[in-house]
$ cat final-v1.pdb   # PDB, C-alpha atoms and all ligand atoms
ATOM      1  CA  MET A1256       4.542  30.154  -3.180
ATOM      2  CA  ASN A1257       1.912  31.482  -0.757
ATOM      3  CA  GLY A1258      -1.858  31.480  -0.199
ATOM      4  CA  PRO A1259      -4.334  29.802   2.157
ATOM      5  CA  GLY A1260      -3.250  26.255   1.225
ATOM      6  CA  ILE A1261       0.444  26.823   1.812
ATOM      7  CA  ASP A1262      -0.304  28.630   5.096
ATOM      8  CA  ARG A1263      -2.206  25.601   6.326
ATOM      9  CA  TYR A1264       0.233  23.012   4.985
ATOM     10  CA  PRO A1265       3.603  24.791   5.015
ATOM     11  CA  ASN A1266       5.607  21.606   4.377
ATOM     12  CA  ILE A1267       3.563  20.150   1.569
ATOM     13  CA  PHE A1268       5.999  21.145  -1.186
ATOM     14  CA  SER A1269       9.173  20.334   0.710
ATOM     15  CA  ALA A1270      11.114  17.154   0.021
ATOM     16  CA  LEU A1271      10.709  14.023   2.138
ATOM     17  CA  LYS A1272      12.800  10.901   2.490
ATOM     18  CA  VAL A1273      10.654   7.763   2.164
ATOM     19  CA  GLY A1274      12.764   4.723   2.929
ATOM     20  CA  SER A1275      15.728   4.943   0.589
ATOM     21  CA  ALA A1276      13.862   7.148  -1.905
ATOM     22  CA  SER A1277      13.625  10.930  -2.090
ATOM     23  CA  CYS A1278      10.162  12.319  -2.637
ATOM     24  CA  ARG A1279      10.279  15.856  -4.070
ATOM     25  CA  ASN A1280       7.101  16.879  -2.224
ATOM     26  CA  ARG A1281       4.471  15.354   0.066
ATOM     27  CA  VAL A1282       1.670  14.989  -2.447
ATOM     28  CA  LYS A1283       0.651  11.378  -3.100
ATOM     29  CA  TYR A1284      -1.604  10.605  -6.027
ATOM     30  CA  ALA A1285      -3.901   7.911  -4.636
ATOM     31  CA  ALA A1286      -4.524   4.873  -6.827
ATOM     32  CA  CYS A1287      -7.385   5.576  -9.195
ATOM     33  CA  SER A1288      -8.632   3.758 -12.267
ATOM     34  CA  VAL A1289     -11.117   4.540 -14.978
ATOM     35  CA  SER A1290     -13.207   1.404 -15.022
ATOM     36  CA  ASN A1291     -13.394   0.909 -18.798
ATOM     37  CA  PHE A1292      -9.886   1.922 -19.900
ATOM     38  CA  ASN A1293      -8.312  -1.571 -19.667
ATOM     39  CA  THR A1294      -9.133  -4.685 -21.700
ATOM     40  CA  ARG A1295     -11.296  -7.513 -20.314
ATOM     41  CA  ASP A1296      -8.158  -9.604 -19.735
ATOM     42  CA  GLY A1297      -6.572  -6.838 -17.630
ATOM     43  CA  SER A1298      -4.098  -5.364 -20.143
ATOM     44  CA  ILE A1299      -3.351  -1.645 -20.409
ATOM     45  CA  THR A1300      -4.644   0.197 -23.493
ATOM     46  CA  ASP A1301      -3.290   3.266 -25.354
ATOM     47  CA  ARG A1302      -6.116   5.271 -23.830
ATOM     48  CA  GLU A1303      -4.883   4.355 -20.346
ATOM     49  CA  TYR A1304      -1.255   5.152 -21.239
ATOM     50  CA  ALA A1305      -2.434   8.582 -22.403
ATOM     51  CA  ARG A1306      -4.280   9.118 -19.102
ATOM     52  CA  MET A1307      -1.234   8.116 -17.077
ATOM     53  CA  GLU A1308       0.960  10.476 -19.111
ATOM     54  CA  VAL A1309      -1.260  13.292 -17.800
ATOM     55  CA  ILE A1310      -1.081  11.980 -14.217
ATOM     56  CA  ALA A1311       2.722  11.725 -14.538
ATOM     57  CA  GLY A1312       2.824  15.419 -15.381
ATOM     58  CA  THR A1313       0.917  16.558 -12.282
ATOM     59  CA  GLY A1314       4.093  17.054 -10.230
ATOM     60  CA  ALA A1315       2.910  14.770  -7.401
ATOM     61  CA  GLY A1316       5.887  13.444  -5.443
ATOM     62  CA  MET A1317       4.552   9.907  -5.286
ATOM     63  CA  ILE A1318       2.131   8.390  -7.785
ATOM     64  CA  THR A1319       0.308   5.144  -7.144
ATOM     65  CA  ASN A1320      -0.792   3.260 -10.221
ATOM     66  CA  GLN A1321      -4.307   1.814 -10.067
ATOM     67  CA  GLY A1322      -4.928  -1.419  -8.153
ATOM     68  CA  ALA A1323      -4.090  -4.586 -10.115
ATOM     69  CA  TYR A1324      -5.403  -8.008  -9.038
ATOM     70  CA  PRO A1325      -2.706 -10.593  -8.253
ATOM     71  CA  ASP A1326      -4.265 -14.047  -8.772
ATOM     72  CA  PRO A1327      -4.564 -15.879 -12.129
ATOM     73  CA  GLU A1328      -8.023 -17.237 -11.235
ATOM     74  CA  GLY A1329      -9.433 -13.739 -10.731
ATOM     75  CA  ALA A1330     -10.893 -14.202  -7.234
ATOM     76  CA  GLY A1331      -9.322 -10.828  -6.485
ATOM     77  CA  LYS A1332     -10.805  -9.139  -9.551
ATOM     78  CA  ALA A1333     -13.255  -6.413  -8.565
ATOM     79  CA  TYR A1334     -14.563  -5.140 -11.920
ATOM     80  CA  TYR A1335     -14.625  -6.434 -15.497
ATOM     81  CA  ARG A1336     -11.713  -4.363 -16.785
ATOM     82  CA  GLN A1337      -9.561  -4.288 -13.687
ATOM     83  CA  LEU A1338      -5.836  -4.292 -14.425
ATOM     84  CA  SER A1339      -4.121  -7.670 -13.934
ATOM     85  CA  ILE A1340      -0.633  -8.292 -12.580
ATOM     86  CA  ALA A1341      -1.188 -12.051 -12.368
ATOM     87  CA  ASP A1342       1.190 -13.079 -15.170
ATOM     88  CA  ASP A1343       4.644 -12.126 -16.450
ATOM     89  CA  LYS A1344       3.112 -11.209 -19.816
ATOM     90  CA  TYR A1345       1.817  -7.982 -18.217
ATOM     91  CA  ILE A1346       5.285  -6.739 -17.158
ATOM     92  CA  PRO A1347       6.063  -4.706 -20.337
ATOM     93  CA  GLY A1348       2.828  -2.716 -19.912
ATOM     94  CA  PHE A1349       3.680  -1.885 -16.292
ATOM     95  CA  ARG A1350       7.208  -0.936 -17.364
ATOM     96  CA  LYS A1351       5.802   1.723 -19.700
ATOM     97  CA  ILE A1352       3.822   3.212 -16.795
ATOM     98  CA  ALA A1353       6.780   3.129 -14.364
ATOM     99  CA  ASP A1354       9.011   4.842 -16.970
ATOM    100  CA  MET A1355       6.385   7.514 -17.548
ATOM    101  CA  LEU A1356       6.057   8.257 -13.822
ATOM    102  CA  HIS A1357       9.841   8.453 -13.417
ATOM    103  CA  ARG A1358      10.172  10.798 -16.403
ATOM    104  CA  GLY A1359       7.657  13.043 -14.631
ATOM    105  CA  GLY A1360       9.897  13.016 -11.517
ATOM    106  CA  ALA A1361       7.636  10.930  -9.250
ATOM    107  CA  ILE A1362       8.275   7.921  -7.075
ATOM    108  CA  ALA A1363       6.340   5.125  -8.805
ATOM    109  CA  ILE A1364       4.242   2.771  -6.705
ATOM    110  CA  GLN A1365       2.169  -0.131  -8.001
ATOM    111  CA  GLN A1366      -0.915  -1.015  -5.984
ATOM    112  CA  ILE A1367      -1.932  -4.641  -5.603
ATOM    113  CA  LEU A1368      -5.632  -4.977  -5.024
ATOM    114  CA  HIS A1369      -7.277  -8.279  -4.109
ATOM    115  CA  ALA A1370     -10.928  -7.335  -3.671
ATOM    116  CA  GLY A1371     -11.934 -10.270  -1.414
ATOM    117  CA  ARG A1372     -15.616  -9.808  -0.568
ATOM    118  CA  TYR A1373     -16.001  -7.541  -3.622
ATOM    119  CA  GLY A1374     -14.027  -9.772  -5.983
ATOM    120  CA  GLY A1375     -14.648 -12.737  -8.282
ATOM    121  CA  ILE A1376     -16.466 -10.608 -10.851
ATOM    122  CA  ASP A1377     -15.925 -13.226 -13.613
ATOM    123  CA  LEU A1378     -16.600 -16.137 -11.214
ATOM    124  CA  ASP A1379     -19.624 -17.523  -9.371
ATOM    125  CA  ARG A1380     -18.132 -16.697  -5.953
ATOM    126  CA  CYS A1381     -15.850 -14.407  -4.020
ATOM    127  CA  VAL A1382     -13.371 -15.440  -1.323
ATOM    128  CA  GLN A1383     -13.555 -14.273   2.278
ATOM    129  CA  PRO A1384     -12.217 -15.246   5.693
ATOM    130  CA  SER A1385     -15.685 -16.610   6.579
ATOM    131  CA  ASP A1386     -18.913 -17.398   4.838
ATOM    132  CA  VAL A1387     -20.639 -14.081   5.693
ATOM    133  CA  PRO A1388     -23.530 -13.295   3.306
ATOM    134  CA  GLN A1389     -23.275 -10.174   1.182
ATOM    135  CA  THR A1390     -25.115  -7.070   2.352
ATOM    136  CA  LEU A1391     -24.887  -5.614  -1.170
ATOM    137  CA  ARG A1392     -26.656  -7.975  -3.526
ATOM    138  CA  HIS A1393     -24.659  -7.435  -6.708
ATOM    139  CA  PHE A1394     -21.511  -8.965  -5.179
ATOM    140  CA  ARG A1395     -20.714 -12.676  -5.561
ATOM    141  CA  PRO A1396     -21.682 -15.297  -2.934
ATOM    142  CA  PRO A1397     -18.874 -15.913  -0.418
ATOM    143  CA  ARG A1398     -16.595 -18.922  -0.093
ATOM    144  CA  GLN A1399     -14.493 -19.308   3.032
ATOM    145  CA  MET A1400     -10.734 -19.448   2.430
ATOM    146  CA  SER A1401      -8.847 -22.488   3.679
ATOM    147  CA  ARG A1402      -5.332 -22.210   5.080
ATOM    148  CA  ASP A1403      -4.058 -23.448   1.692
ATOM    149  CA  ASP A1404      -6.000 -20.640  -0.015
ATOM    150  CA  ILE A1405      -4.319 -18.141   2.339
ATOM    151  CA  ARG A1406      -0.862 -19.525   1.540
ATOM    152  CA  ARG A1407      -1.600 -19.429  -2.207
ATOM    153  CA  CYS A1408      -2.821 -15.865  -1.881
ATOM    154  CA  VAL A1409       0.440 -14.847  -0.161
ATOM    155  CA  ARG A1410       2.394 -16.450  -3.027
ATOM    156  CA  ASP A1411       0.242 -14.627  -5.606
ATOM    157  CA  HIS A1412       0.932 -11.286  -3.889
ATOM    158  CA  CYS A1413       4.682 -12.030  -3.816
ATOM    159  CA  GLN A1414       4.715 -12.878  -7.523
ATOM    160  CA  ALA A1415       2.711  -9.744  -8.285
ATOM    161  CA  SER A1416       5.169  -7.643  -6.247
ATOM    162  CA  ARG A1417       8.138  -9.230  -8.008
ATOM    163  CA  ARG A1418       6.552  -8.311 -11.384
ATOM    164  CA  ALA A1419       6.081  -4.700 -10.275
ATOM    165  CA  MET A1420       9.775  -4.571  -9.287
ATOM    166  CA  GLU A1421      10.846  -6.083 -12.611
ATOM    167  CA  ALA A1422       8.759  -3.425 -14.335
ATOM    168  CA  GLY A1423      10.807  -0.741 -12.535
ATOM    169  CA  PHE A1424       8.413   0.473  -9.837
ATOM    170  CA  ASP A1425       9.990   1.829  -6.647
ATOM    171  CA  GLY A1426       7.604  -0.057  -4.434
ATOM    172  CA  VAL A1427       4.209  -1.648  -3.961
ATOM    173  CA  GLU A1428       1.114  -0.673  -2.020
ATOM    174  CA  ILE A1429      -0.979  -3.364  -0.380
ATOM    175  CA  THR A1430      -4.717  -2.839   0.050
ATOM    176  CA  ALA A1431      -6.100  -3.569   3.522
ATOM    177  CA  PHE A1432      -8.802  -0.889   3.425
ATOM    178  CA  MET A1433     -12.433  -0.525   2.330
ATOM    179  CA  GLY A1434     -13.886  -4.029   2.332
ATOM    180  CA  TYR A1435     -11.111  -5.685   0.325
ATOM    181  CA  LEU A1436      -9.589  -9.054   1.224
ATOM    182  CA  LEU A1437      -7.142  -8.024   3.947
ATOM    183  CA  ALA A1438      -9.705  -5.682   5.495
ATOM    184  CA  ASN A1439     -12.155  -8.622   5.518
ATOM    185  CA  PHE A1440      -9.662 -10.504   7.692
ATOM    186  CA  LEU A1441      -9.107  -7.513   9.983
ATOM    187  CA  SER A1442     -12.821  -6.913  10.543
ATOM    188  CA  PRO A1443     -14.825  -9.001  13.030
ATOM    189  CA  PHE A1444     -17.855  -8.304  10.817
ATOM    190  CA  THR A1445     -16.474 -10.498   8.009
ATOM    191  CA  ASN A1446     -13.984 -12.588   9.988
ATOM    192  CA  ARG A1447     -15.745 -15.209  12.154
ATOM    193  CA  ARG A1448     -12.922 -17.731  11.975
ATOM    194  CA  THR A1449     -12.017 -19.870  14.963
ATOM    195  CA  ASP A1450      -8.491 -20.774  13.775
ATOM    196  CA  GLU A1451      -5.302 -18.690  14.171
ATOM    197  CA  TYR A1452      -6.569 -16.195  11.548
ATOM    198  CA  GLY A1453      -9.679 -15.154  13.494
ATOM    199  CA  GLY A1454     -10.857 -14.029  16.931
ATOM    200  CA  SER A1455      -8.387 -11.726  18.704
ATOM    201  CA  LEU A1456      -6.960  -8.569  17.178
ATOM    202  CA  GLU A1457      -3.622 -10.327  16.795
ATOM    203  CA  ASN A1458      -5.210 -13.274  14.991
ATOM    204  CA  ARG A1459      -7.267 -11.060  12.675
ATOM    205  CA  GLY A1460      -4.079  -9.195  11.775
ATOM    206  CA  ARG A1461      -2.052 -12.371  11.198
ATOM    207  CA  PHE A1462      -2.714 -12.675   7.453
ATOM    208  CA  MET A1463      -1.737  -9.014   6.919
ATOM    209  CA  VAL A1464       1.470  -9.413   8.959
ATOM    210  CA  GLU A1465       2.453 -12.666   7.191
ATOM    211  CA  LEU A1466       1.731 -11.116   3.807
ATOM    212  CA  LEU A1467       3.818  -8.010   4.515
ATOM    213  CA  GLY A1468       6.738 -10.125   5.721
ATOM    214  CA  ALA A1469       6.588 -12.332   2.603
ATOM    215  CA  ILE A1470       6.401  -9.338   0.261
ATOM    216  CA  ARG A1471       9.342  -7.678   1.984
ATOM    217  CA  GLU A1472      11.372 -10.813   1.322
ATOM    218  CA  ALA A1473      10.192 -10.938  -2.296
ATOM    219  CA  ILE A1474      11.074  -7.315  -3.112
ATOM    220  CA  GLY A1475      14.252  -6.945  -1.049
ATOM    221  CA  LYS A1476      14.985  -4.489   1.747
ATOM    222  CA  ASP A1477      15.389  -1.288  -0.295
ATOM    223  CA  ARG A1478      12.113  -1.136  -2.195
ATOM    224  CA  LEU A1479       9.142   0.707  -0.734
ATOM    225  CA  LEU A1480       6.300  -1.128   0.952
ATOM    226  CA  ILE A1481       3.133   0.853   1.641
ATOM    227  CA  ILE A1482      -0.155  -0.352   3.058
ATOM    228  CA  ARG A1483      -3.550   1.298   2.721
ATOM    229  CA  LEU A1484      -5.605   0.742   5.882
ATOM    230  CA  ASN A1485      -8.883   2.021   7.265
ATOM    231  CA  GLY A1486      -8.544   4.609  10.033
ATOM    232  CA  GLU A1487     -12.271   4.162  10.492
ATOM    233  CA  GLU A1488     -14.236   1.276   9.119
ATOM    234  CA  LEU A1489     -17.632   2.934   9.683
ATOM    235  CA  MET A1490     -19.068  -0.525  10.292
ATOM    236  CA  ASP A1491     -19.205  -0.253  14.104
ATOM    237  CA  GLU A1492     -22.964  -0.752  14.219
ATOM    238  CA  ARG A1493     -22.572  -4.070  12.357
ATOM    239  CA  GLY A1494     -19.811  -5.367  14.600
ATOM    240  CA  GLY A1495     -16.866  -4.065  12.580
ATOM    241  CA  ASN A1496     -13.672  -2.494  13.933
ATOM    242  CA  SER A1497     -13.797   0.602  16.119
ATOM    243  CA  PRO A1498     -11.395   3.475  15.294
ATOM    244  CA  PRO A1499      -8.988   2.465  18.143
ATOM    245  CA  GLU A1500      -8.848  -1.073  16.718
ATOM    246  CA  CYS A1501      -8.035   0.383  13.285
ATOM    247  CA  ILE A1502      -5.152   2.295  14.869
ATOM    248  CA  GLU A1503      -3.881  -0.946  16.434
ATOM    249  CA  PHE A1504      -3.725  -2.544  12.966
ATOM    250  CA  MET A1505      -1.716   0.428  11.708
ATOM    251  CA  LYS A1506       0.754  -0.062  14.542
ATOM    252  CA  MET A1507       0.864  -3.799  13.838
ATOM    253  CA  ALA A1508       1.688  -3.132  10.177
ATOM    254  CA  ARG A1509       4.414  -0.618  11.059
ATOM    255  CA  GLN A1510       5.967  -2.520  13.951
ATOM    256  CA  GLN A1511       6.622  -5.934  12.577
ATOM    257  CA  SER A1512       9.734  -6.799  10.642
ATOM    258  CA  SER A1513       8.313  -6.085   7.200
ATOM    259  CA  GLY A1514       9.679  -2.535   7.157
ATOM    260  CA  VAL A1515       6.477  -0.833   6.045
ATOM    261  CA  HIS A1516       7.471   2.661   4.947
ATOM    262  CA  ARG A1517       4.119   4.398   4.890
ATOM    263  CA  VAL A1518       0.536   3.765   5.954
ATOM    264  CA  HIS A1519      -2.067   5.337   3.694
ATOM    265  CA  GLU A1520      -5.056   6.032   5.943
ATOM    266  CA  ASN A1521      -8.559   5.704   4.597
ATOM    267  CA  GLY A1522     -12.155   5.882   5.838
ATOM    268  CA  GLY A1523     -15.057   3.556   5.147
ATOM    269  CA  ALA A1524     -15.966   0.092   3.886
ATOM    270  CA  GLY A1525     -18.204  -0.783   0.936
ATOM    271  CA  GLY A1526     -20.970  -2.108   3.166
ATOM    272  CA  SER A1527     -21.052   0.857   5.533
ATOM    273  CA  ARG A1528     -24.052   3.153   5.570
ATOM    274  CA  LEU A1529     -21.833   6.236   5.568
ATOM    275  CA  HIS A1530     -19.805   7.216   2.523
ATOM    276  CA  GLN A1531     -16.056   6.856   2.271
ATOM    277  CA  HIS A1532     -14.852  10.349   2.990
ATOM    278  CA  ARG A1533     -11.137  10.963   2.936
ATOM    279  CA  SER A1534      -7.670   9.533   2.679
ATOM    280  CA  GLY A1535      -4.140  10.638   3.596
ATOM    281  CA  LEU A1536      -0.600   9.404   4.171
ATOM    282  CA  ALA A1537       0.786   8.842   7.678
TER     283      ALA A1537
HETATM  284  C1  LIG B   1     -13.002   5.773 -10.419
HETATM  285  C2  LIG B   1     -12.211   5.515  -9.169
HETATM  286  C3  LIG B   1     -11.295   4.466  -9.146
HETATM  287  C4  LIG B   1     -10.547   4.210  -7.996
HETATM  288  N1  LIG B   1      -9.628   3.196  -7.997
HETATM  289  C5  LIG B   1      -8.910   2.956  -6.868
HETATM  290  C6  LIG B   1      -7.928   1.913  -6.842
HETATM  291  O1  LIG B   1      -7.663   1.205  -7.817
HETATM  292  N2  LIG B   1      -7.284   1.709  -5.671
HETATM  293  C7  LIG B   1      -7.519   2.466  -4.561
HETATM  294  O2  LIG B   1      -6.888   2.229  -3.531
HETATM  295  N3  LIG B   1      -8.419   3.459  -4.568
HETATM  296  C8  LIG B   1      -9.117   3.727  -5.686
HETATM  297  N4  LIG B   1     -10.011   4.755  -5.687
HETATM  298  C9  LIG B   1     -10.152   5.601  -4.479
HETATM  299  C10 LIG B   1      -9.251   6.820  -4.545
HETATM  300  O3  LIG B   1      -7.899   6.462  -4.352
HETATM  301  C11 LIG B   1      -9.588   7.879  -3.471
HETATM  302  O4  LIG B   1      -9.535   7.318  -2.198
HETATM  303  C12 LIG B   1     -10.968   8.466  -3.631
HETATM  304  O5  LIG B   1     -11.156   8.914  -4.958
HETATM  305  C13 LIG B   1     -11.169   9.645  -2.658
HETATM  306  O6  LIG B   1     -10.126  10.572  -2.860
HETATM  307  P1  LIG B   1     -10.147  12.036  -2.282
HETATM  308  O7  LIG B   1     -10.178  11.880  -0.790
HETATM  309  O8  LIG B   1      -8.871  12.672  -2.775
HETATM  310  O9  LIG B   1     -11.353  12.675  -2.862
HETATM  311  C14 LIG B   1     -10.739   5.016  -6.837
HETATM  312  C15 LIG B   1     -11.664   6.083  -6.882
HETATM  313  C16 LIG B   1     -12.379   6.324  -8.022
HETATM  314  C17 LIG B   1     -13.360   7.479  -8.028
END

$ encode --input "final-v1.pdb" --output "structure tokens" --more "lines below"
Ligand SMILES: Cc1cc2nc3c(=O)[nH]c(=O)nc-3n(C[C@H](O)[C@H](O)[C@H](O)COP(=O)(O)O)c2cc1C
Amino acid sequence: MNGPGIDRYPNIFSALKVGSASCRNRVKYAACSVSNFNTRDGSITDREYARMEVIAGTGAGMITNQGAYPDPEGAGKAYYRQLSIADDKYIPGFRKIADMLHRGGAIAIQQILHAGRYGGIDLDRCVQPSDVPQTLRHFRPPRQMSRDDIRRCVRDHCQASRRAMEAGFDGVEITAFMGYLLANFLSPFTNRRTDEYGGSLENRGRFMVELLGAIREAIGKDRLLIIRLNGEELMDERGGNSPPECIEFMKMARQQSSGVHRVHENGGAGGSRLHQHRSGLA
């Protein structure tokens, strides 16, 4: 194959080892939903299966299924028909998707998406590291998470990851980008805590590091663990993370014992004045 694309990215169609898995090329289909294709209780419909059958046939080496919220209460739920992975009853639906992606020759990754500041769509509140008022009015009023809430949230993510494994996915992707829950903890704009989860870079990253370690234990050492992080938050003017701080969080995620296989880099947060502009795997 040749042409301007292949000249610029000569390795894009060559195989790559990711952890214990073999990826037939370096194209990753980033998690993407169609907001009204699932049911209100977060189940997958025939329409969504048909869409994923098309995605499975794209030839992408790694395909990430859309972000599913992990907690039964729905504090992590970002939109009315977001996919749920908060109960074992959803496993058969995820299994159909994992099988489809494998038949198409892709590595199958399930994304777990707790929306934090942008969550709680069915509730009267969202959860955040601190009680920082919304800048975008249609989101729910914030409630600060206690340490118990943090521990429960870690357990919910572990259960969600276990379900994805039981469904046959090769790994999970954790969302610490945009303005979702983990990114809220990383960012000094939304994290004003004075306990061990706030303040210094290390403290702001603590929840992410603990969560990755717990998920690694839950899924075993051979399954893939990917994290999607901001390379730029684009919230500098509001006291958010600078690009060098974002890089530090990437290193933190890669270095600790969780065995993160890939960092999916992203730009922008929901409250930033600039648009989200790109994403890529590092
Ligand atoms: C309708 C829609 C749904 C999306 N759902 C998700 C999602 O569930 N999880 C996620 O991490 N990103 C989601 N994204 C973001 C995409 O993964 C991607 O970053 C964005 O479309 C920009 O991709 P591009 O740089 O290839 O244009 C969604 C984007 C769109 C347009």

$ closest_residue --input "final-v1.pdb" --among "A:His1369, A:Arg1448, A:Arg1459, A:Arg1380" --to "Ser1401 in chain A" --atoms "only C-alpha atoms"
A:Arg1448

$ residues_around --input "final-v1.pdb" --residues "range 1333-1343 of chain A" --least-positions-apart "3" --cutoff "6 Å" --atoms "all atoms listed in the file" --output "list in words"
Asn1291, Asn1293, Thr1294, Arg1295, Gly1297, Ala1323, Tyr1324, Pro1325, Asp1326, Pro1327, Ile1346, Ala1370, Tyr1373, Gly1374, Ile1376 and Ala1415 of chain A

$ closest_residue --input "final-v1.pdb" --among "A:Ala1419, A:Met1463, A:Ala1361, A:Leu1271" --to "Leu1437 in chain A" --atoms "all atoms listed in the file"
A:Met1463

$ atom_distance --input "final-v1.pdb" --atom1 "CA of His1519 in chain A" --atom2 "CA of Leu1356 in chain A"
19.5 Å

$ atom_distance --input "final-v1.pdb" --atom1 "CA of Arg1471 in chain A" --atom2 "CA of Arg1483 in chain A"
15.7 Å

$ residues_near_point --input "final-v1.pdb" --point "(16.0, 1.7, -0.2)" --cutoff "6 Å" --atoms "all atoms listed in the file" --output "PyMOL selection string"
chain A and resi 1274-1275+1477-1478

$ atom_distance --input "final-v1.pdb" --atom1 "CA of Glu1308 in chain A" --atom2 "CA of Met1355 in chain A"
6.4 Å

$ residues_near_ligand --input "final-v1.pdb" --ligand "ligand LIG 1 (chain B)" --cutoff "12 Å" --atoms "all atoms listed in the file" --output "ChimeraX atom specification"
/A:1282-1292,1318-1324,1332-1334,1336-1339,1364-1370,1427-1435,1481-1485,1519-1525,1530-1536

$ residues_near_point --input "final-v1.pdb" --point "(-11.4, 1.8, 11.2)" --cutoff "6 Å" --atoms "all atoms listed in the file" --output "PyMOL selection string"
chain A and resi 1485-1488+1496-1498+1501
